[in-house]
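Data from target-v7.pdb: PDB, C-alpha atoms
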ATOM      1  CA  MET A 217       2.534 113.456 189.814
ATOM      2  CA  SER A 218       2.892 112.155 186.334
ATOM      3  CA  ARG A 219       1.799 108.856 185.288
ATOM      4  CA  LEU A 220       3.351 106.736 182.575
ATOM      5  CA  LEU A 221       1.029 105.584 179.912
ATOM      6  CA  PRO A 222       1.482 102.144 178.482
ATOM      7  CA  LEU A 223       2.810 101.959 174.938
ATOM      8  CA  PRO A 224       0.535 100.494 172.359
ATOM      9  CA  ALA A 225       1.304  96.909 171.532
ATOM     10  CA  LEU A 226       3.173  96.313 168.280
ATOM     11  CA  PRO A 227       1.592  93.946 165.851
ATOM     12  CA  ALA A 228       3.122  90.490 165.906
ATOM     13  CA  ARG A 229       5.632  89.910 163.116
ATOM     14  CA  SER A 230       5.210  87.049 160.779
ATOM     15  CA  PRO A 231       8.299  84.882 160.140
ATOM     16  CA  SER A 232       8.498  86.186 156.573
ATOM     17  CA  ALA A 233       8.716  89.801 157.784
ATOM     18  CA  ALA A 234      12.096  89.115 159.397
ATOM     19  CA  ARG A 235      13.632  88.015 156.051
ATOM     20  CA  PRO A 236      15.065  90.666 153.764
ATOM     21  CA  ARG A 237      13.102  91.290 150.628
ATOM     22  CA  PRO A 238      14.715  89.841 147.474
ATOM     23  CA  LEU A 239      14.348  93.080 145.515
ATOM     24  CA  ILE A 240      16.122  95.090 148.212
ATOM     25  CA  VAL A 241      18.941  92.523 148.379
ATOM     26  CA  LEU A 242      19.386  92.589 144.587
ATOM     27  CA  ALA A 243      19.450  96.383 144.534
ATOM     28  CA  ALA A 244      22.080  96.472 147.289
ATOM     29  CA  LEU A 245      24.218  93.918 145.445
ATOM     30  CA  GLY A 246      23.914  95.908 142.219
ATOM     31  CA  VAL A 247      25.034  99.126 143.889
ATOM     32  CA  SER A 248      27.950  97.296 145.517
ATOM     33  CA  LEU A 249      29.015  95.754 142.209
ATOM     34  CA  LEU A 250      28.797  99.069 140.360
ATOM     35  CA  SER A 251      30.866 100.867 142.980
ATOM     36  CA  SER A 252      33.499  98.111 142.821
ATOM     37  CA  LEU A 253      33.659  98.324 139.028
ATOM     38  CA  SER A 254      33.912 102.099 139.024
ATOM     39  CA  SER A 255      36.928 101.957 141.314
ATOM     40  CA  LEU A 256      38.557  99.509 138.893
ATOM     41  CA  SER A 257      37.585 101.268 135.693
ATOM     42  CA  SER A 258      40.771 103.229 135.118
ATOM     43  CA  PRO A 259      43.200 100.296 135.613
ATOM     44  CA  VAL A 260      40.969  98.006 133.540
ATOM     45  CA  ALA A 261      40.690 100.591 130.781
ATOM     46  CA  HIS A 262      44.441 101.185 130.957
ATOM     47  CA  ALA A 263      45.185  97.461 130.727
ATOM     48  CA  ALA A 264      42.950  97.148 127.682
ATOM     49  CA  GLN A 265      44.990  99.863 125.935
ATOM     50  CA  THR A 266      48.410  98.455 126.922
ATOM     51  CA  PRO A 267      49.811  96.079 124.293
ATOM     52  CA  VAL A 268      50.611  92.566 125.450
ATOM     53  CA  GLY A 269      53.886  90.823 124.728
ATOM     54  CA  ASP A 270      57.377  92.251 124.469
ATOM     55  CA  HIS A 271      57.997  95.896 123.586
ATOM     56  CA  LEU A 272      61.288  97.620 122.817
ATOM     57  CA  SER A 273      62.126 101.174 121.777
ATOM     58  CA  VAL A 274      65.286 101.308 119.679
ATOM     59  CA  THR A 275      67.048 104.649 119.122
ATOM     60  CA  VAL A 276      69.881 104.586 116.579
ATOM     61  CA  ARG A 277      72.210 107.553 116.016
ATOM     62  CA  HIS A 278      75.156 108.269 113.710
ATOM     63  CA  ALA A 279      74.534 105.105 111.669
ATOM     64  CA  GLY A 280      73.794 106.971 108.463
ATOM     65  CA  ALA A 281      70.848 107.882 106.299
ATOM     66  CA  GLY A 282      68.005 105.403 106.502
ATOM     67  CA  PHE A 283      69.252 103.885 109.757
ATOM     68  CA  ASP A 284      68.979 106.726 112.285
ATOM     69  CA  GLY A 285      65.797 107.222 114.267
ATOM     70  CA  THR A 286      63.648 105.792 117.012
ATOM     71  CA  PHE A 287      61.662 102.666 116.259
ATOM     72  CA  GLU A 288      59.081 100.748 118.276
ATOM     73  CA  LEU A 289      59.178  96.960 118.204
ATOM     74  CA  TYR A 290      56.388  94.731 119.499
ATOM     75  CA  CYS A 291      56.819  90.966 119.619
ATOM     76  CA  HIS A 292      54.321  88.259 120.527
ATOM     77  CA  PRO A 293      52.452  89.518 118.470
ATOM     78  CA  GLY A 294      54.908  91.355 116.207
ATOM     79  CA  GLY A 295      54.520  94.877 114.901
ATOM     80  CA  GLY A 296      55.502  98.476 115.444
ATOM     81  CA  SER A 297      57.465 101.007 113.430
ATOM     82  CA  HIS A 298      60.680  98.938 113.297
ATOM     83  CA  PRO A 299      61.716  98.470 109.636
ATOM     84  CA  ASP A 300      61.925  94.654 109.970
ATOM     85  CA  ALA A 301      59.821  93.777 113.011
ATOM     86  CA  GLY A 302      59.301  90.122 112.136
ATOM     87  CA  ALA A 303      62.988  89.370 111.595
ATOM     88  CA  ALA A 304      63.996  91.368 114.690
ATOM     89  CA  CYS A 305      61.552  89.416 116.885
ATOM     90  CA  ASP A 306      62.702  86.103 115.361
ATOM     91  CA  ARG A 307      66.364  86.958 115.997
ATOM     92  CA  LEU A 308      65.719  87.948 119.605
ATOM     93  CA  ASP A 309      63.728  84.753 120.152
ATOM     94  CA  ARG A 310      66.656  82.673 118.791
ATOM     95  CA  ILE A 311      69.343  84.295 120.960
ATOM     96  CA  THR A 312      67.356  84.558 124.193
ATOM     97  CA  GLN A 313      68.428  81.960 126.754
ATOM     98  CA  TRP A 314      66.877  81.231 130.118
ATOM     99  CA  GLY A 315      68.835  82.894 132.933
ATOM    100  CA  ARG A 316      70.961  85.087 130.621
ATOM    101  CA  ASP A 317      70.526  88.755 129.831
ATOM    102  CA  THR A 318      70.076  89.062 126.065
ATOM    103  CA  PHE A 319      71.180  92.704 126.264
ATOM    104  CA  ALA A 320      74.065  92.318 128.749
ATOM    105  CA  PRO A 321      76.992  94.706 128.259
ATOM    106  CA  VAL A 322      80.385  93.488 127.092
ATOM    107  CA  PRO A 323      82.252  92.396 130.268
ATOM    108  CA  ASP A 324      84.867  94.900 131.451
ATOM    109  CA  ASP A 325      87.628  92.278 131.450
ATOM    110  CA  SER A 326      87.071  91.278 127.785
ATOM    111  CA  VAL A 327      90.074  91.262 125.477
ATOM    112  CA  CYS A 328      88.893  92.979 122.291
ATOM    113  CA  THR A 329      90.472  93.639 118.926
ATOM    114  CA  LEU A 330      91.465  97.243 118.304
ATOM    115  CA  GLN A 331      89.234  97.925 115.355
ATOM    116  CA  TYR A 332      86.757 100.746 114.984
ATOM    117  CA  GLY A 333      83.313 100.067 113.572
ATOM    118  CA  GLY A 334      82.184 103.666 113.196
ATOM    119  CA  PRO A 335      80.347 106.257 115.270
ATOM    120  CA  ALA A 336      76.964 104.485 115.391
ATOM    121  CA  THR A 337      75.248 104.166 118.762
ATOM    122  CA  ALA A 338      71.989 102.553 119.831
ATOM    123  CA  HIS A 339      69.890 102.674 122.972
ATOM    124  CA  VAL A 340      67.292  99.967 123.611
ATOM    125  CA  THR A 341      64.660 100.276 126.340
ATOM    126  CA  GLY A 342      61.484  98.405 127.174
ATOM    127  CA  THR A 343      60.620  94.851 128.161
ATOM    128  CA  TRP A 344      61.924  91.593 126.735
ATOM    129  CA  ALA A 345      61.008  88.129 128.053
ATOM    130  CA  GLY A 346      59.275  89.775 131.008
ATOM    131  CA  ARG A 347      62.406  91.667 132.084
ATOM    132  CA  PRO A 348      63.159  95.385 131.853
ATOM    133  CA  VAL A 349      65.706  96.439 129.233
ATOM    134  CA  ASP A 350      67.877  99.562 129.288
ATOM    135  CA  ALA A 351      70.976  98.883 127.181
ATOM    136  CA  SER A 352      73.390 100.976 125.138
ATOM    137  CA  PHE A 353      75.466  99.783 122.192
ATOM    138  CA  ASP A 354      78.276 101.164 120.059
ATOM    139  CA  ARG A 355      80.945  99.897 117.651
ATOM    140  CA  ARG A 356      84.134 101.144 119.394
ATOM    141  CA  ASP A 357      86.080  97.850 119.253
ATOM    142  CA  GLY A 358      85.846  94.249 118.114
ATOM    143  CA  CYS A 359      83.825  93.094 121.138
ATOM    144  CA  HIS A 360      81.257  95.862 120.766
ATOM    145  CA  ILE A 361      81.034  95.343 116.995
ATOM    146  CA  GLY A 362      80.374  91.639 117.674
ATOM    147  CA  GLN A 363      77.715  92.496 120.242
ATOM    148  CA  TRP A 364      76.029  94.886 117.766
ATOM    149  CA  ASP A 365      76.177  92.363 114.909
ATOM    150  CA  ARG A 366      74.656  89.666 117.139
ATOM    151  CA  LEU A 367      71.577  91.898 117.528
ATOM    152  CA  VAL A 368      71.073  92.544 113.783
ATOM    153  CA  PRO A 369      68.277  93.053 112.573
ATOM    154  CA  LEU A 370      67.103  94.621 115.836
ATOM    155  CA  LEU A 371      70.007  97.012 115.240
ATOM    156  CA  PRO A 372      70.843  97.980 111.647
ATOM    157  CA  ASP A 373      73.332  95.891 109.686
ATOM    158  CA  LEU A 374      76.396  98.146 109.409
ATOM    159  CA  SER A 375      78.891  95.498 108.348
ATOM    160  CA  PRO A 376      81.084  96.652 105.449
ATOM    161  CA  ARG A 377      79.852  95.707 101.994
ATOM    162  CA  PRO A 378      82.301  94.566  99.325
ATOM    163  CA  GLN A 379      82.616  96.908  96.340
ATOM    164  CA  GLY A 380      80.006  96.274  93.663
ATOM    165  CA  SER A 381      77.456  94.542  95.921
ATOM    166  CA  SER A 382      74.256  96.093  97.119
TER     167      SER A 382
END

Conversion result in structure tokens:
Amino acid sequence: MSRLLPLPALPARSPSAARPRPLIVLAALGVSLLSSLSSLSSPVAHAAQTPVGDHLSVTVRHAGAGFDGTFELYCHPGGGSHPDAGAACDRLDRITQWGRDTFAPVPDDSVCTLQYGGPATAHVTGTWAGRPVDASFDRRDGCHIGQWDRLVPLLPDLSPRPQGSS
């Protein structure tokens, strides 16, 4: 027959032994903080590289030498490869109205003059006033010429020049 032996008595714990040690708590907090930061590192790094403010890419075709190409425009703060970034940002700021799409297409039911402004086209994408932009422009009739001219100097000034002026 087997007999159970009594277990040795454990030493009595002092009240301070039940509290976690400050160094262990700090180490655990540090590890937790580092793991949280490492999971955020790529979005944080990405956000630091993303420019703030408004950004538009403007692609102009068939407008002629010196006008064709793709240009980047940054506003608030201004910059980019656009030939006249400051004036383009100022113009957009002046024509932007709350609740209206600055880049809205010409309405389908518009009555437009039958004039041709040339083969130039433009495509504008990006963000303006916190809203996405994906707009196309041409100069096929009076309404579209007016829309284009309203966006100069974002879009190049293609209005006819009188003879002898530069």

Discussion item. Which residue is closest to A:Ala336? Choose from A:Ala281, A:Thr318, A:Pro323, A:Asp354 and count all atoms listed in the file.
Written reply: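 Comparing A:Ala281, A:Thr318, A:Pro323, A:Asp354 against A:Ala336, the winner is A:Asp354.
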
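Once the PyMOL selection byres ((chain A and resi 289) around 6) is applied to the shown structure, the selection contains His271, Leu272, Glu288, Tyr290, Gly296 and His298 of chain A.
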
Once you have the residues from the selection above, write them out as a PDB file, in the coordinates of the input, restricted to C-alpha atoms.
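Result file follows (result22.pdb):
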ATOM      1  CA  HIS A 271      57.997  95.896 123.586  1.00  0.00           C
ATOM      2  CA  LEU A 272      61.288  97.620 122.817  1.00  0.00           C
ATOM      3  CA  GLU A 288      59.081 100.748 118.276  1.00  0.00           C
ATOM      4  CA  TYR A 290      56.388  94.731 119.499  1.00  0.00           C
ATOM      5  CA  GLY A 296      55.502  98.476 115.444  1.00  0.00           C
ATOM      6  CA  HIS A 298      60.680  98.938 113.297  1.00  0.00           C
TER       7      HIS A 298
END

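Distance-wise, atom CA of A:Arg307 and atom CA of A:His278 end up 23.2 Å apart.
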
Applied to the shown file, which residues does the PyMOL selection byres ((chain A and resi 341) around 12) return, written as a PDB file with C-alpha atoms, in the coordinates of the input?
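Output file part_1.pdb follows:
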ATOM      1  CA  ASP A 270      57.377  92.251 124.469  1.00  0.00           C
ATOM      2  CA  HIS A 271      57.997  95.896 123.586  1.00  0.00           C
ATOM      3  CA  LEU A 272      61.288  97.620 122.817  1.00  0.00           C
ATOM      4  CA  SER A 273      62.126 101.174 121.777  1.00  0.00           C
ATOM      5  CA  VAL A 274      65.286 101.308 119.679  1.00  0.00           C
ATOM      6  CA  THR A 275      67.048 104.649 119.122  1.00  0.00           C
ATOM      7  CA  VAL A 276      69.881 104.586 116.579  1.00  0.00           C
ATOM      8  CA  THR A 286      63.648 105.792 117.012  1.00  0.00           C
ATOM      9  CA  PHE A 287      61.662 102.666 116.259  1.00  0.00           C
ATOM     10  CA  GLU A 288      59.081 100.748 118.276  1.00  0.00           C
ATOM     11  CA  LEU A 289      59.178  96.960 118.204  1.00  0.00           C
ATOM     12  CA  PHE A 319      71.180  92.704 126.264  1.00  0.00           C
ATOM     13  CA  ALA A 338      71.989 102.553 119.831  1.00  0.00           C
ATOM     14  CA  HIS A 339      69.890 102.674 122.972  1.00  0.00           C
ATOM     15  CA  VAL A 340      67.292  99.967 123.611  1.00  0.00           C
ATOM     16  CA  GLY A 342      61.484  98.405 127.174  1.00  0.00           C
ATOM     17  CA  THR A 343      60.620  94.851 128.161  1.00  0.00           C
ATOM     18  CA  TRP A 344      61.924  91.593 126.735  1.00  0.00           C
ATOM     19  CA  ARG A 347      62.406  91.667 132.084  1.00  0.00           C
ATOM     20  CA  PRO A 348      63.159  95.385 131.853  1.00  0.00           C
ATOM     21  CA  VAL A 349      65.706  96.439 129.233  1.00  0.00           C
ATOM     22  CA  ASP A 350      67.877  99.562 129.288  1.00  0.00           C
ATOM     23  CA  ALA A 351      70.976  98.883 127.181  1.00  0.00           C
ATOM     24  CA  SER A 352      73.390 100.976 125.138  1.00  0.00           C
ATOM     25  CA  PHE A 353      75.466  99.783 122.192  1.00  0.00           C
TER      26      PHE A 353
END

Worksheet item: By how many Å are atom CA of A:Asp309 and atom CA of A:His292 apart?
Response: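 Atom-to-atom, atom CA of A:Asp309 and atom CA of A:His292 are spaced 10.0 Å apart.
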
Discussion item. List the spatial neighbours of stretch 368-373 of chain A as a PyMOL selection string - criterion: any atom at most 7 Å away, all atoms listed in the file, same-chain residues fewer than 3 positions off excluded.
Written reply: chain A and resi 283+303-304+364-365

Written as a JSON list (two decimals) with C-alpha atoms, in the coordinates of the input, which residues does the PyMOL selection byres ((chain A and resi 362) around 12) give for the file shown?
[["chain", "number", "residue", "atom", "x", "y", "z"],
["A", 321, "PRO", "CA", 76.99, 94.71, 128.26],
["A", 322, "VAL", "CA", 80.39, 93.49, 127.09],
["A", 328, "CYS", "CA", 88.89, 92.98, 122.29],
["A", 329, "THR", "CA", 90.47, 93.64, 118.93],
["A", 331, "GLN", "CA", 89.23, 97.92, 115.36],
["A", 332, "TYR", "CA", 86.76, 100.75, 114.98],
["A", 333, "GLY", "CA", 83.31, 100.07, 113.57],
["A", 353, "PHE", "CA", 75.47, 99.78, 122.19],
["A", 354, "ASP", "CA", 78.28, 101.16, 120.06],
["A", 355, "ARG", "CA", 80.94, 99.90, 117.65],
["A", 356, "ARG", "CA", 84.13, 101.14, 119.39],
["A", 357, "ASP", "CA", 86.08, 97.85, 119.25],
["A", 358, "GLY", "CA", 85.85, 94.25, 118.11],
["A", 359, "CYS", "CA", 83.82, 93.09, 121.14],
["A", 360, "HIS", "CA", 81.26, 95.86, 120.77],
["A", 361, "ILE", "CA", 81.03, 95.34, 117.00],
["A", 363, "GLN", "CA", 77.72, 92.50, 120.24],
["A", 364, "TRP", "CA", 76.03, 94.89, 117.77],
["A", 365, "ASP", "CA", 76.18, 92.36, 114.91],
["A", 366, "ARG", "CA", 74.66, 89.67, 117.14],
["A", 367, "LEU", "CA", 71.58, 91.90, 117.53],
["A", 368, "VAL", "CA", 71.07, 92.54, 113.78],
["A", 371, "LEU", "CA", 70.01, 97.01, 115.24],
["A", 373, "ASP", "CA", 73.33, 95.89, 109.69],
["A", 374, "LEU", "CA", 76.40, 98.15, 109.41],
["A", 375, "SER", "CA", 78.89, 95.50, 108.35]]

Worksheet entry | Option closest in space to A:Gly269, from A:Ile311, A:Asp317, A:Ala345, A:Ser297 [counting all atoms listed in the file] |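 Closest residue, counting all atoms listed in the file: A:Ala345.
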
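Using all atoms listed in the file, the smallest distance between any of A:Leu330, A:Asp324, A:Thr337, A:Asp306 and A:Cys291 comes from A:Asp306.
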
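Between atom CA of A:Gly346 and atom CA of A:Trp314 lies a distance of 11.5 Å.
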